[in-house]
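For reference, final_10.txt is printed below; it contains compact mmCIF, C-alpha atoms.
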# COMPACT_ATOMS: atom_id res chain seq x y z
CA MET C 5 -29.14 -28.37 -14.74
CA PHE C 6 -28.80 -26.75 -18.16
CA VAL C 7 -30.22 -23.49 -16.80
CA LEU C 8 -27.77 -23.55 -13.90
CA LEU C 9 -24.90 -24.15 -16.29
CA LEU C 10 -26.09 -21.32 -18.52
CA LEU C 11 -26.48 -18.97 -15.56
CA SER C 12 -23.03 -19.80 -14.23
CA THR C 13 -21.55 -19.27 -17.69
CA ILE C 14 -23.26 -15.88 -17.95
CA TRP C 15 -22.12 -14.95 -14.45
CA LEU C 16 -18.54 -15.99 -15.11
CA SER C 17 -18.35 -13.85 -18.21
CA SER C 18 -20.31 -10.92 -16.82
CA PRO C 19 -18.76 -7.44 -16.74
CA SER C 20 -18.76 -7.45 -12.94
CA SER C 21 -16.62 -10.59 -12.75
CA ASP C 22 -14.27 -9.16 -15.40
CA HIS C 23 -14.03 -6.01 -13.31
CA THR C 24 -13.27 -8.03 -10.19
CA ARG C 25 -10.55 -9.93 -12.03
CA LEU C 26 -9.06 -6.65 -13.22
CA GLN C 27 -9.08 -5.28 -9.67
CA GLU C 28 -7.35 -8.44 -8.44
CA SER C 29 -4.75 -8.22 -11.19
CA VAL C 30 -4.00 -4.58 -10.26
CA GLN C 31 -3.76 -5.53 -6.59
CA PHE C 32 -1.48 -8.47 -7.41
CA LEU C 33 0.83 -6.50 -9.70
CA THR C 34 0.97 -3.58 -7.23
CA LEU C 35 2.13 -5.97 -4.52
CA HIS C 36 4.56 -7.62 -6.93
CA LEU C 37 6.08 -4.25 -7.79
CA ARG C 38 6.41 -3.40 -4.12
CA LEU C 39 8.15 -6.73 -3.50
CA ALA C 40 10.40 -6.20 -6.52
CA GLU C 41 11.46 -2.78 -5.25
CA GLU C 42 11.76 -3.52 -1.55
CA GLU C 43 12.56 -7.20 -1.05
CA GLU C 44 16.25 -8.15 -1.38
CA MET C 45 15.85 -11.90 -0.98
CA PRO C 46 14.18 -14.35 -3.38
CA TYR C 47 10.39 -14.37 -3.26
CA LEU C 48 7.71 -16.58 -4.74
CA LEU C 49 4.67 -15.81 -6.85
CA ILE C 50 1.82 -18.28 -7.27
CA ARG C 51 -0.29 -17.07 -10.16
CA ASP C 52 -1.90 -18.26 -13.37
CA GLY C 53 -1.18 -21.90 -12.62
CA SER C 54 2.53 -21.63 -12.00
CA LEU C 55 5.07 -21.02 -9.26
CA GLN C 56 7.75 -18.47 -10.02
CA PHE C 57 10.76 -17.42 -8.01
CA PHE C 58 11.95 -13.82 -8.37
CA ILE C 59 14.61 -11.49 -7.06
CA GLU C 60 13.89 -7.78 -7.49
CA GLY C 61 11.40 -8.39 -10.30
CA VAL C 62 13.67 -10.74 -12.27
CA ARG C 63 12.21 -14.19 -12.80
CA LEU C 64 14.68 -16.88 -11.78
CA GLU C 65 12.68 -20.03 -12.26
CA GLU C 66 9.20 -21.18 -13.13
CA ILE C 67 7.96 -24.50 -11.78
CA PRO C 68 5.02 -26.04 -13.62
CA VAL C 69 2.05 -27.10 -11.54
CA SER C 70 -0.95 -29.26 -12.31
CA GLY C 71 -3.36 -27.03 -10.43
CA VAL C 72 -3.84 -24.32 -7.84
CA THR C 73 -7.04 -24.30 -5.75
CA ARG C 74 -7.75 -21.52 -3.30
CA VAL C 75 -10.07 -23.29 -0.90
CA SER C 76 -10.57 -20.31 1.41
CA GLY C 77 -9.12 -16.90 2.19
CA PRO C 78 -8.70 -13.62 0.27
CA SER C 79 -8.16 -13.72 -3.49
CA VAL C 80 -4.78 -11.98 -3.21
CA GLN C 81 -2.44 -12.60 -0.28
CA LEU C 82 1.09 -11.59 0.62
CA ALA C 83 2.81 -13.13 3.64
CA SER C 84 6.11 -14.62 4.82
CA VAL C 85 6.84 -18.28 5.34
CA ASP C 86 6.75 -19.07 9.04
CA ARG C 87 7.75 -22.73 8.73
CA VAL C 88 7.58 -25.64 6.33
CA GLU C 89 6.33 -28.99 7.49
CA ILE C 90 6.32 -32.38 5.86
CA HIS C 91 2.89 -33.91 6.20
CA PHE C 92 1.79 -37.51 6.02
CA PRO C 93 -1.88 -37.66 5.18
CA GLU C 94 -2.06 -41.41 5.70
CA ARG C 95 -1.66 -40.78 9.42
CA HIS C 96 -4.84 -38.75 9.51
CA PRO C 97 -8.23 -40.41 9.62
CA HIS C 98 -10.97 -40.00 7.07
CA LEU C 99 -14.15 -38.18 7.87
CA ASP C 100 -15.61 -41.44 9.21
CA GLY C 101 -12.54 -42.13 11.39
CA SER C 102 -11.05 -44.84 9.16
CA TYR C 103 -7.64 -44.52 7.51
CA PRO C 104 -6.90 -44.37 3.78
CA GLU C 105 -6.18 -47.71 2.16
CA ILE C 106 -3.51 -46.24 -0.06
CA SER C 107 0.10 -46.73 0.87
CA LEU C 108 2.21 -43.63 0.56
CA GLU C 109 5.80 -44.69 0.88
CA SER C 110 7.12 -41.35 -0.28
CA THR C 111 8.16 -39.19 2.63
CA ALA C 112 7.47 -35.93 0.88
CA SER C 113 4.20 -36.33 -0.97
CA VAL C 114 2.70 -33.41 0.90
CA PHE C 115 4.24 -30.45 2.54
CA ARG C 116 2.56 -27.60 4.31
CA ILE C 117 3.78 -24.03 4.23
CA HIS C 118 2.61 -22.24 7.36
CA MET C 119 2.50 -18.51 6.66
CA SER C 120 3.12 -15.71 9.13
CA ASP C 121 -0.49 -14.48 8.81
CA GLY C 122 -1.89 -17.89 9.80
CA SER C 123 -2.75 -18.95 6.26
CA GLU C 124 -1.54 -22.22 4.81
CA ILE C 125 -0.34 -23.39 1.41
CA VAL C 126 -0.45 -27.15 0.99
CA ILE C 127 1.66 -28.69 -1.75
CA LEU C 128 0.57 -32.13 -2.92
CA SER C 129 2.28 -34.35 -5.43
CA LYS C 130 0.19 -35.29 -8.44
CA TYR C 131 0.83 -38.92 -7.56
CA LEU C 132 -0.83 -38.42 -4.19
CA LYS C 133 -3.70 -36.44 -5.68
CA ASP C 134 -4.38 -39.18 -8.25
CA ALA C 135 -4.16 -41.89 -5.60
CA LEU C 136 -6.51 -40.03 -3.29
CA GLU C 137 -8.99 -39.33 -6.06
CA GLU C 138 -8.97 -42.97 -7.08
CA PHE C 139 -9.65 -43.85 -3.46
CA LEU C 140 -12.44 -41.29 -3.23
CA GLN C 141 -14.05 -42.54 -6.42
CA ARG C 142 -14.26 -45.97 -4.85
CA GLY C 143 -15.72 -44.62 -1.62
CA LYS C 144 -17.10 -41.30 -0.58
CA ARG C 145 -17.07 -39.54 -3.95
CA VAL C 146 -16.38 -36.11 -2.52
CA PRO C 147 -14.08 -33.63 -4.28
CA LEU C 148 -10.48 -33.82 -3.15
CA ASP C 149 -10.32 -30.34 -1.63
CA ILE C 150 -13.45 -30.97 0.43
CA TYR C 151 -12.03 -34.32 1.52
CA LEU C 152 -8.70 -32.81 2.57
CA GLN C 153 -9.97 -29.57 4.09
CA PRO C 154 -10.90 -31.01 7.53
CA GLN C 155 -7.29 -32.18 7.92
CA PHE C 156 -6.11 -28.57 7.96
CA SER C 157 -7.05 -26.02 10.57
CA SER C 158 -6.23 -22.82 8.70
CA SER C 159 -9.08 -20.53 7.71
CA SER C 160 -7.10 -19.50 4.64
CA LEU C 161 -6.09 -22.54 2.66
CA THR C 162 -4.64 -23.06 -0.81
CA PHE C 163 -3.77 -26.36 -2.48
CA VAL C 164 -1.05 -26.63 -5.12
CA ILE C 165 -0.62 -29.86 -7.09
CA MET C 166 2.67 -30.62 -8.83
CA GLU C 167 4.71 -33.55 -10.10
CA GLU C 168 6.78 -35.32 -7.47
CA GLU C 169 10.08 -34.42 -9.19
CA HIS C 170 9.28 -30.70 -9.00
CA LEU C 171 7.95 -30.98 -5.47
CA HIS C 172 11.29 -32.05 -4.00
CA HIS C 173 13.16 -29.30 -5.82
CA PHE C 174 10.58 -26.69 -4.86
CA ARG C 175 10.54 -27.74 -1.21
CA HIS C 176 14.24 -26.99 -0.80
CA HIS C 177 13.84 -23.51 -2.24
CA VAL C 178 11.13 -22.50 0.24
CA LYS C 179 12.72 -21.16 3.41
CA ALA C 180 11.46 -19.47 6.54
CA GLY C 181 11.09 -15.74 6.00
CA MET C 182 10.53 -16.04 2.24
CA LYS C 183 7.72 -13.82 0.98
CA ILE C 184 4.98 -15.48 -1.04
CA LEU C 185 2.48 -13.53 -3.11
CA TYR C 186 -0.48 -15.62 -4.20
CA MET O 1 -12.36 2.85 -10.55
CA SER O 2 -13.59 2.02 -14.04
CA SER O 3 -12.37 -0.95 -16.06
CA LEU O 4 -10.60 1.42 -18.44
CA GLU O 5 -8.74 3.06 -15.57
CA LEU O 6 -7.81 -0.36 -14.18
CA GLU O 7 -6.48 -1.44 -17.61
CA GLY O 8 -4.39 1.72 -17.67
CA GLN O 9 -3.03 1.04 -14.22
CA LEU O 10 -2.18 -2.54 -15.19
CA SER O 11 -0.26 -1.29 -18.18
CA ILE O 12 1.75 1.14 -16.01
CA LEU O 13 2.54 -1.59 -13.48
CA ARG O 14 3.70 -3.99 -16.23
CA THR O 15 5.94 -1.28 -17.69
CA ARG O 16 7.47 -0.56 -14.28
CA LEU O 17 8.15 -4.26 -13.71
CA GLN O 18 9.63 -4.61 -17.19
CA ALA O 19 11.98 -1.71 -16.41
CA LEU O 20 13.54 -3.80 -13.63
CA GLN O 21 14.80 -6.43 -16.08
CA PRO O 22 18.60 -6.46 -16.60
CA THR O 23 19.65 -5.00 -19.94
CA GLY O 24 22.99 -6.81 -20.27
CA ARG O 25 24.07 -10.36 -19.66
CA TYR O 26 23.44 -11.79 -16.23
CA LEU O 27 23.83 -14.97 -14.23
CA ILE O 28 21.26 -16.97 -12.29
CA ILE O 29 22.56 -19.51 -9.81
CA ASP O 30 20.21 -22.15 -8.42
CA THR O 31 21.70 -23.39 -5.13
CA VAL O 32 19.24 -26.29 -4.84
CA SER O 33 19.88 -27.96 -8.19
CA ASN O 34 23.44 -26.56 -8.43
CA ARG O 35 22.97 -25.02 -11.84
CA LEU O 36 24.30 -21.79 -13.29
CA TYR O 37 22.47 -20.02 -16.11
CA LEU O 38 24.06 -17.34 -18.28
CA LYS O 39 21.29 -15.25 -19.84
CA GLN O 40 20.68 -12.18 -21.90
CA GLY O 41 17.08 -11.06 -21.63
CA ASP O 42 15.03 -14.23 -21.94
CA THR O 43 17.70 -15.96 -24.04
CA LEU O 44 19.67 -18.70 -22.34
CA LEU O 45 23.31 -18.58 -23.46
CA LEU O 46 24.69 -21.30 -21.19
CA GLU O 47 23.45 -23.79 -18.62
CA ALA O 48 26.23 -25.28 -16.51
CA VAL O 49 26.50 -27.64 -13.56
CA CYS O 50 28.11 -25.98 -10.55
CA SER O 51 28.74 -26.60 -6.87
CA THR O 52 27.47 -24.27 -4.18
CA GLY O 53 27.83 -24.08 -0.40
CA SER O 54 27.43 -27.22 1.68
CA GLY O 55 25.68 -25.43 4.54
CA GLU O 56 27.99 -27.17 7.01
CA ARG O 57 29.32 -25.39 10.07
CA LEU O 58 32.88 -25.32 11.35
CA ILE O 59 33.21 -24.40 15.01
CA THR O 60 36.70 -23.90 16.42
CA ASP O 61 38.34 -21.99 19.26
CA GLN O 62 39.42 -19.43 16.69
CA GLY O 63 36.06 -18.80 15.09
CA GLU O 64 32.88 -20.18 13.54
CA TRP O 65 32.03 -20.47 9.88
CA THR O 66 28.92 -21.59 8.00
CA PHE O 67 29.71 -22.64 4.46
CA LYS O 68 26.64 -21.29 2.69
CA THR O 69 26.31 -19.55 -0.62
CA PRO O 70 24.54 -16.25 0.06
CA ARG O 71 21.24 -15.64 -1.74
CA GLY O 72 20.15 -12.39 -3.32
CA LYS O 73 21.35 -9.95 -5.98
CA PHE O 74 25.08 -9.42 -6.55
CA ARG O 75 27.35 -7.92 -9.16
CA ILE O 76 30.57 -9.12 -10.71
CA ARG O 77 33.10 -6.97 -8.87
CA SER O 78 36.35 -8.40 -10.19
CA LYS O 79 37.69 -10.69 -12.91
CA VAL O 80 41.05 -12.30 -12.30
CA ARG O 81 42.79 -14.57 -14.81
CA ASP O 82 44.86 -17.46 -13.38
CA PRO O 83 43.96 -16.55 -9.82
CA VAL O 84 46.08 -17.50 -6.84
CA TRP O 85 44.06 -18.66 -3.85
CA ARG O 86 44.89 -17.04 -0.55
CA LYS O 87 43.71 -19.71 1.87
CA PRO O 88 41.56 -18.27 4.62
CA ASP O 89 41.84 -19.40 8.26
CA TRP O 90 39.11 -22.04 7.96
CA ALA O 91 41.02 -23.86 5.20
CA PHE O 92 43.72 -24.69 7.76
CA LEU O 93 41.48 -25.19 10.78
CA GLU O 94 39.12 -27.66 9.07
CA LYS O 95 42.11 -29.89 8.34
CA GLY O 96 43.29 -29.68 11.93
CA LEU O 97 46.22 -27.43 11.01
CA SER O 98 47.23 -24.27 12.79
CA ILE O 99 46.88 -20.90 11.11
CA PRO O 100 50.26 -20.05 9.55
CA VAL O 101 52.23 -17.12 10.89
CA ASN O 102 53.95 -16.64 7.55
CA ASP O 103 51.40 -15.27 5.06
CA GLY O 104 53.33 -16.84 2.20
CA GLU O 105 52.11 -20.26 3.29
CA ARG O 106 48.55 -19.28 2.40
CA PHE O 107 48.98 -18.90 -1.36
CA VAL O 108 48.02 -21.77 -3.68
CA LYS O 109 48.29 -21.67 -7.47
CA GLY O 110 45.85 -23.52 -9.72
CA ALA O 111 43.24 -24.37 -7.08
CA LEU O 112 40.68 -21.89 -8.48
CA GLY O 113 40.96 -22.79 -12.16
CA ASP O 114 41.48 -20.28 -14.96
CA TRP O 115 39.31 -17.46 -13.62
CA ALA O 116 37.96 -16.02 -10.38
CA LEU O 117 34.95 -13.74 -10.69
CA GLY O 118 34.50 -11.85 -7.43
CA LEU O 119 31.06 -11.21 -5.96
CA GLY O 120 32.24 -9.45 -2.78
CA ASP O 121 32.74 -10.57 0.82
CA GLY O 122 35.18 -13.27 -0.27
CA TYR O 123 32.71 -15.09 -2.54
CA PHE O 124 33.86 -16.01 -6.06
CA ILE O 125 32.77 -17.95 -9.10
CA HIS O 126 35.84 -20.04 -9.91
CA GLY O 127 37.06 -23.33 -11.32
CA THR O 128 37.79 -26.52 -9.43
CA PRO O 129 39.98 -29.62 -9.67
CA TYR O 130 37.10 -31.58 -8.07
CA THR O 131 34.98 -31.77 -11.21
CA ARG O 132 33.36 -35.07 -10.20
CA LEU O 133 31.68 -33.23 -7.31
CA LEU O 134 30.01 -30.68 -9.58
CA GLY O 135 26.23 -30.79 -9.15
CA GLN O 136 26.59 -31.28 -5.39
CA SER O 137 26.45 -28.74 -2.58
CA VAL O 138 30.01 -29.22 -1.35
CA SER O 139 31.74 -25.84 -1.56
CA HIS O 140 32.62 -23.46 1.26
CA GLY O 141 30.25 -20.86 -0.20
CA CYS O 142 31.89 -20.03 -3.53
CA ILE O 143 30.37 -21.18 -6.82
CA ARG O 144 32.55 -23.79 -8.49
CA LEU O 145 32.40 -24.41 -12.22
CA HIS O 146 34.11 -26.69 -14.70
CA ASN O 147 36.95 -24.78 -16.37
CA ARG O 148 35.27 -25.22 -19.75
CA ASP O 149 32.08 -23.46 -18.54
CA LEU O 150 34.03 -20.95 -16.48
CA GLY O 151 35.85 -19.83 -19.64
CA ILE O 152 32.54 -19.21 -21.41
CA VAL O 153 31.13 -17.29 -18.43
CA ALA O 154 34.28 -15.20 -18.06
CA GLU O 155 34.24 -14.42 -21.76
CA HIS O 156 30.64 -13.17 -21.65
CA VAL O 157 30.29 -11.27 -18.37
CA MET O 158 31.83 -7.96 -17.47
CA ILE O 159 32.49 -6.22 -14.19
CA GLY O 160 29.18 -4.78 -13.00
CA ASP O 161 27.01 -7.52 -14.54
CA LEU O 162 24.28 -8.88 -12.29
CA VAL O 163 24.29 -12.24 -10.52
CA TYR O 164 21.07 -13.57 -8.95
CA ILE O 165 21.50 -16.37 -6.44
CA PHE O 166 18.50 -18.26 -5.08
Could you rewrite the structure in this file as structure tokens?
Amino acid sequence: MFVLLLLSTIWLSSPSSDHTRLQESVQFLTLHLRLAEEEEMPYLLIRDGSLQFFIEGVRLEEIPVSGVTRVSGPSVQLASVDRVEIHFPERHPHLDGSYPEISLESTASVFRIHMSDGSEIVILSKYLKDALEEFLQRGKRVPLDIYLQPQFSSSSLTFVIMEEEHLHHFRHHVKAGMKILY
Amino acid sequence: MSSLELEGQLSILRTRLQALQPTGRYLIIDTVSNRLYLKQGDTLLLEAVCSTGSGERLITDQGEWTFKTPRGKFRIRSKVRDPVWRKPDWAFLEKGLSIPVNDGERFVKGALGDWALGLGDGYFIHGTPYTRLLGQSVSHGCIRLHNRDLGIVAEHVMIGDLVYIF
């Protein structure tokens, strides 16, 4: 276990991973500059653990998030919002076919952003994440993203966790046609 | 490409993005939370509650209107002190009135507060007598402010200053 940890630490800090991160940063900023110069409407950046709305390179608002997990898909993506959908995870069965015991009265604890390229960004409230994790700790003990992944069909999937209060505000800003770079 | 070259490219990209930042004072209007921000660089000079477009539609025999505040980048195109409102057709039609033949019947004093800052296409930042509705999306597309905040905004912005609406 210690060796594995050591190896992963060495790998994470290796020159090749630094180089990859640099390449990704260049790719991301190149796309951001293109958006800033060409896109007239507000667009959204998901990067470095925050969501930021921009118009023509000027940051309008930053919404704090608790976490961003890219489950699958390329490390840098740019696409338009196709549609936004409110999602009720309690209506979906667990891996074993049973339903979660938790009661989610909130109507907007999860919403899914379906992108024009087929990818998906799933926004979860921190309340829901905590409730699900508590449930998982009592039962299956699988990580949250692995637990949730089968409920989504997209081959490119990203989870964003944020406080409920920000989630409602954020949801109303995301409109069909909006470009998201993440 | 080497790491050094990538670092150099990153630096160029950051500089180009920085060059897009407004140099003077500018306004940001958040149509979801109905807030207006007066800024200079990263410094916030004023945060004010406003009202933006309701999004409602008016469909009549004489035309259709959607009362939305447009999003995007705008500039202050005009600054008028003690503006007189020239009521557009929808202002009559939504109350079930007919459009007046005499143009003089369209003009209303005091309805827009102390200032009207024009953004183009008939959209303005102006005052309102309906201050209790500030913070709600109830306007016909204009941005309504309390006269107190409107005075501060009018004092600080000039014609040509940028307005970002999202």
Next on the checklist: If we count all atoms listed in the file and set the cut-off at 12 Å, which residues sit around range 11-23 of chain O, ignoring sequence neighbours fewer than 3 positions away in its own chain? Please answer as number ranges by chain.
Outcome noted: C: 26, 29-41, 58-64; O: 4-8, 26-28, 39-43, 73, 75, 160-164
Checklist entry - Which value, in Å to one decimal, gives the distance between CA of Val88 in chain C and CA of Ile117 in chain C? => result 4.6 Å
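Atom to atom, CA of Leu128 in chain C and CA of Phe115 in chain C stand 6.8 Å apart.
Between CA of Pro78 in chain C and CA of Phe166 in chain O the separation is 28.1 Å.
Of the listed residues (O:His146, O:Arg35, O:Arg71, O:Arg25), O:His146 comes nearest to Asp114 in chain O; the distances count only C-alpha atoms.
Closest approach to chain C among O:Pro70, O:Arg144, O:Thr52, O:Arg57 is made by O:Pro70 (distances from only C-alpha atoms).
Residue nearest Leu133 in chain O, chosen from O:Ile59, O:Trp90, O:Leu38, O:Ser54 and counting all atoms listed in the file: O:Ser54.
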Compile the contact shell of Ser51 in chain O as an mmCIF file with C-alpha atoms, in the frame of the given file: residues with an atom at most 7 Å away, counting only C-alpha atoms, same-chain residues fewer than 3 positions apart removed.
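Wrote it out as out11.cif, contents follow:
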data_model
loop_
_atom_site.group_PDB
_atom_site.id
_atom_site.type_symbol
_atom_site.label_atom_id
_atom_site.label_comp_id
_atom_site.auth_asym_id
_atom_site.auth_seq_id
_atom_site.Cartn_x
_atom_site.Cartn_y
_atom_site.Cartn_z
ATOM 1 C CA ASN O 34 23.440 -26.560 -8.430
ATOM 2 C CA LEU O 134 30.010 -30.680 -9.580
ATOM 3 C CA GLY O 135 26.230 -30.790 -9.150
ATOM 4 C CA GLN O 136 26.590 -31.280 -5.390
ATOM 5 C CA SER O 137 26.450 -28.740 -2.580
ATOM 6 C CA VAL O 138 30.010 -29.220 -1.350
ATOM 7 C CA SER O 139 31.740 -25.840 -1.560
ATOM 8 C CA ILE O 143 30.370 -21.180 -6.820
ATOM 9 C CA ARG O 144 32.550 -23.790 -8.490
ATOM 10 C CA LEU O 145 32.400 -24.410 -12.220
#
Missing atoms of range 86-95 of chain O rebuilt to all heavy atoms, written as an mmCIF file, keeping the file's coordinate frame:
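Result file follows (result-v1.cif):
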data_model
loop_
_atom_site.group_PDB
_atom_site.id
_atom_site.type_symbol
_atom_site.label_atom_id
_atom_site.label_comp_id
_atom_site.auth_asym_id
_atom_site.auth_seq_id
_atom_site.Cartn_x
_atom_site.Cartn_y
_atom_site.Cartn_z
ATOM 1 N N ARG O 86 44.325 -17.341 -1.870
ATOM 2 C CA ARG O 86 44.890 -17.040 -0.550
ATOM 3 C C ARG O 86 44.016 -17.762 0.461
ATOM 4 O O ARG O 86 42.881 -17.355 0.715
ATOM 5 C CB ARG O 86 44.868 -15.532 -0.280
ATOM 6 C CG ARG O 86 45.524 -15.184 1.056
ATOM 7 C CD ARG O 86 45.356 -13.708 1.391
ATOM 8 N NE ARG O 86 46.001 -13.390 2.661
ATOM 9 C CZ ARG O 86 45.449 -13.605 3.854
ATOM 10 N NH1 ARG O 86 44.239 -14.121 3.947
ATOM 11 N NH2 ARG O 86 46.097 -13.304 4.963
ATOM 12 N N LYS O 87 44.528 -18.855 0.991
ATOM 13 C CA LYS O 87 43.710 -19.710 1.870
ATOM 14 C C LYS O 87 43.301 -18.962 3.130
ATOM 15 O O LYS O 87 44.152 -18.432 3.850
ATOM 16 C CB LYS O 87 44.503 -20.970 2.256
ATOM 17 C CG LYS O 87 44.712 -21.933 1.093
ATOM 18 C CD LYS O 87 45.699 -23.026 1.433
ATOM 19 C CE LYS O 87 45.050 -24.131 2.227
ATOM 20 N NZ LYS O 87 45.990 -25.291 2.364
ATOM 21 N N PRO O 88 42.014 -18.927 3.384
ATOM 22 C CA PRO O 88 41.560 -18.270 4.620
ATOM 23 C C PRO O 88 41.798 -19.183 5.848
ATOM 24 O O PRO O 88 42.148 -20.358 5.690
ATOM 25 C CB PRO O 88 40.063 -18.062 4.390
ATOM 26 C CG PRO O 88 39.686 -18.972 3.287
ATOM 27 C CD PRO O 88 40.912 -19.412 2.565
ATOM 28 N N ASP O 89 41.564 -18.648 7.018
ATOM 29 C CA ASP O 89 41.840 -19.400 8.260
ATOM 30 C C ASP O 89 41.132 -20.756 8.284
ATOM 31 O O ASP O 89 41.700 -21.765 8.691
ATOM 32 C CB ASP O 89 41.394 -18.572 9.484
ATOM 33 C CG ASP O 89 42.283 -17.355 9.699
ATOM 34 O OD1 ASP O 89 43.325 -17.243 8.999
ATOM 35 O OD2 ASP O 89 41.934 -16.503 10.540
ATOM 36 N N TRP O 90 39.863 -20.786 7.861
ATOM 37 C CA TRP O 90 39.110 -22.040 7.960
ATOM 38 C C TRP O 90 39.721 -23.176 7.145
ATOM 39 O O TRP O 90 39.560 -24.350 7.480
ATOM 40 C CB TRP O 90 37.625 -21.848 7.583
ATOM 41 C CG TRP O 90 37.338 -21.208 6.251
ATOM 42 C CD1 TRP O 90 36.911 -19.938 6.038
ATOM 43 C CD2 TRP O 90 37.444 -21.812 4.941
ATOM 44 N NE1 TRP O 90 36.745 -19.694 4.685
ATOM 45 C CE2 TRP O 90 37.063 -20.838 3.991
ATOM 46 C CE3 TRP O 90 37.806 -23.072 4.483
ATOM 47 C CZ2 TRP O 90 37.046 -21.071 2.622
ATOM 48 C CZ3 TRP O 90 37.795 -23.314 3.101
ATOM 49 C CH2 TRP O 90 37.419 -22.326 2.203
ATOM 50 N N ALA O 91 40.425 -22.821 6.050
ATOM 51 C CA ALA O 91 41.020 -23.860 5.200
ATOM 52 C C ALA O 91 42.080 -24.651 5.973
ATOM 53 O O ALA O 91 42.306 -25.834 5.697
ATOM 54 C CB ALA O 91 41.621 -23.233 3.946
ATOM 55 N N PHE O 92 42.733 -23.998 6.929
ATOM 56 C CA PHE O 92 43.720 -24.690 7.760
ATOM 57 C C PHE O 92 43.032 -25.404 8.926
ATOM 58 O O PHE O 92 43.306 -26.561 9.219
ATOM 59 C CB PHE O 92 44.754 -23.686 8.299
ATOM 60 C CG PHE O 92 45.548 -23.029 7.199
ATOM 61 C CD1 PHE O 92 45.156 -21.805 6.682
ATOM 62 C CD2 PHE O 92 46.673 -23.646 6.667
ATOM 63 C CE1 PHE O 92 45.874 -21.205 5.661
ATOM 64 C CE2 PHE O 92 47.397 -23.056 5.642
ATOM 65 C CZ PHE O 92 46.991 -21.827 5.133
ATOM 66 N N LEU O 93 42.111 -24.662 9.557
ATOM 67 C CA LEU O 93 41.480 -25.190 10.780
ATOM 68 C C LEU O 93 40.639 -26.437 10.493
ATOM 69 O O LEU O 93 40.602 -27.365 11.301
ATOM 70 C CB LEU O 93 40.611 -24.103 11.419
ATOM 71 C CG LEU O 93 41.396 -22.888 11.931
ATOM 72 C CD1 LEU O 93 40.439 -21.770 12.345
ATOM 73 C CD2 LEU O 93 42.288 -23.276 13.108
ATOM 74 N N GLU O 94 39.975 -26.494 9.344
ATOM 75 C CA GLU O 94 39.120 -27.660 9.070
ATOM 76 C C GLU O 94 39.946 -28.922 8.817
ATOM 77 O O GLU O 94 39.419 -30.028 8.866
ATOM 78 C CB GLU O 94 38.159 -27.378 7.898
ATOM 79 C CG GLU O 94 38.785 -27.411 6.535
ATOM 80 C CD GLU O 94 37.753 -27.354 5.415
ATOM 81 O OE1 GLU O 94 36.538 -27.401 5.690
ATOM 82 O OE2 GLU O 94 38.178 -27.271 4.259
ATOM 83 N N LYS O 95 41.236 -28.726 8.529
ATOM 84 C CA LYS O 95 42.110 -29.890 8.340
ATOM 85 C C LYS O 95 42.930 -30.168 9.598
ATOM 86 O O LYS O 95 43.864 -30.973 9.575
ATOM 87 C CB LYS O 95 43.040 -29.654 7.151
ATOM 88 C CG LYS O 95 42.287 -29.699 5.829
ATOM 89 C CD LYS O 95 43.198 -29.582 4.652
ATOM 90 C CE LYS O 95 42.396 -29.786 3.367
ATOM 91 N NZ LYS O 95 43.144 -29.433 2.184
#
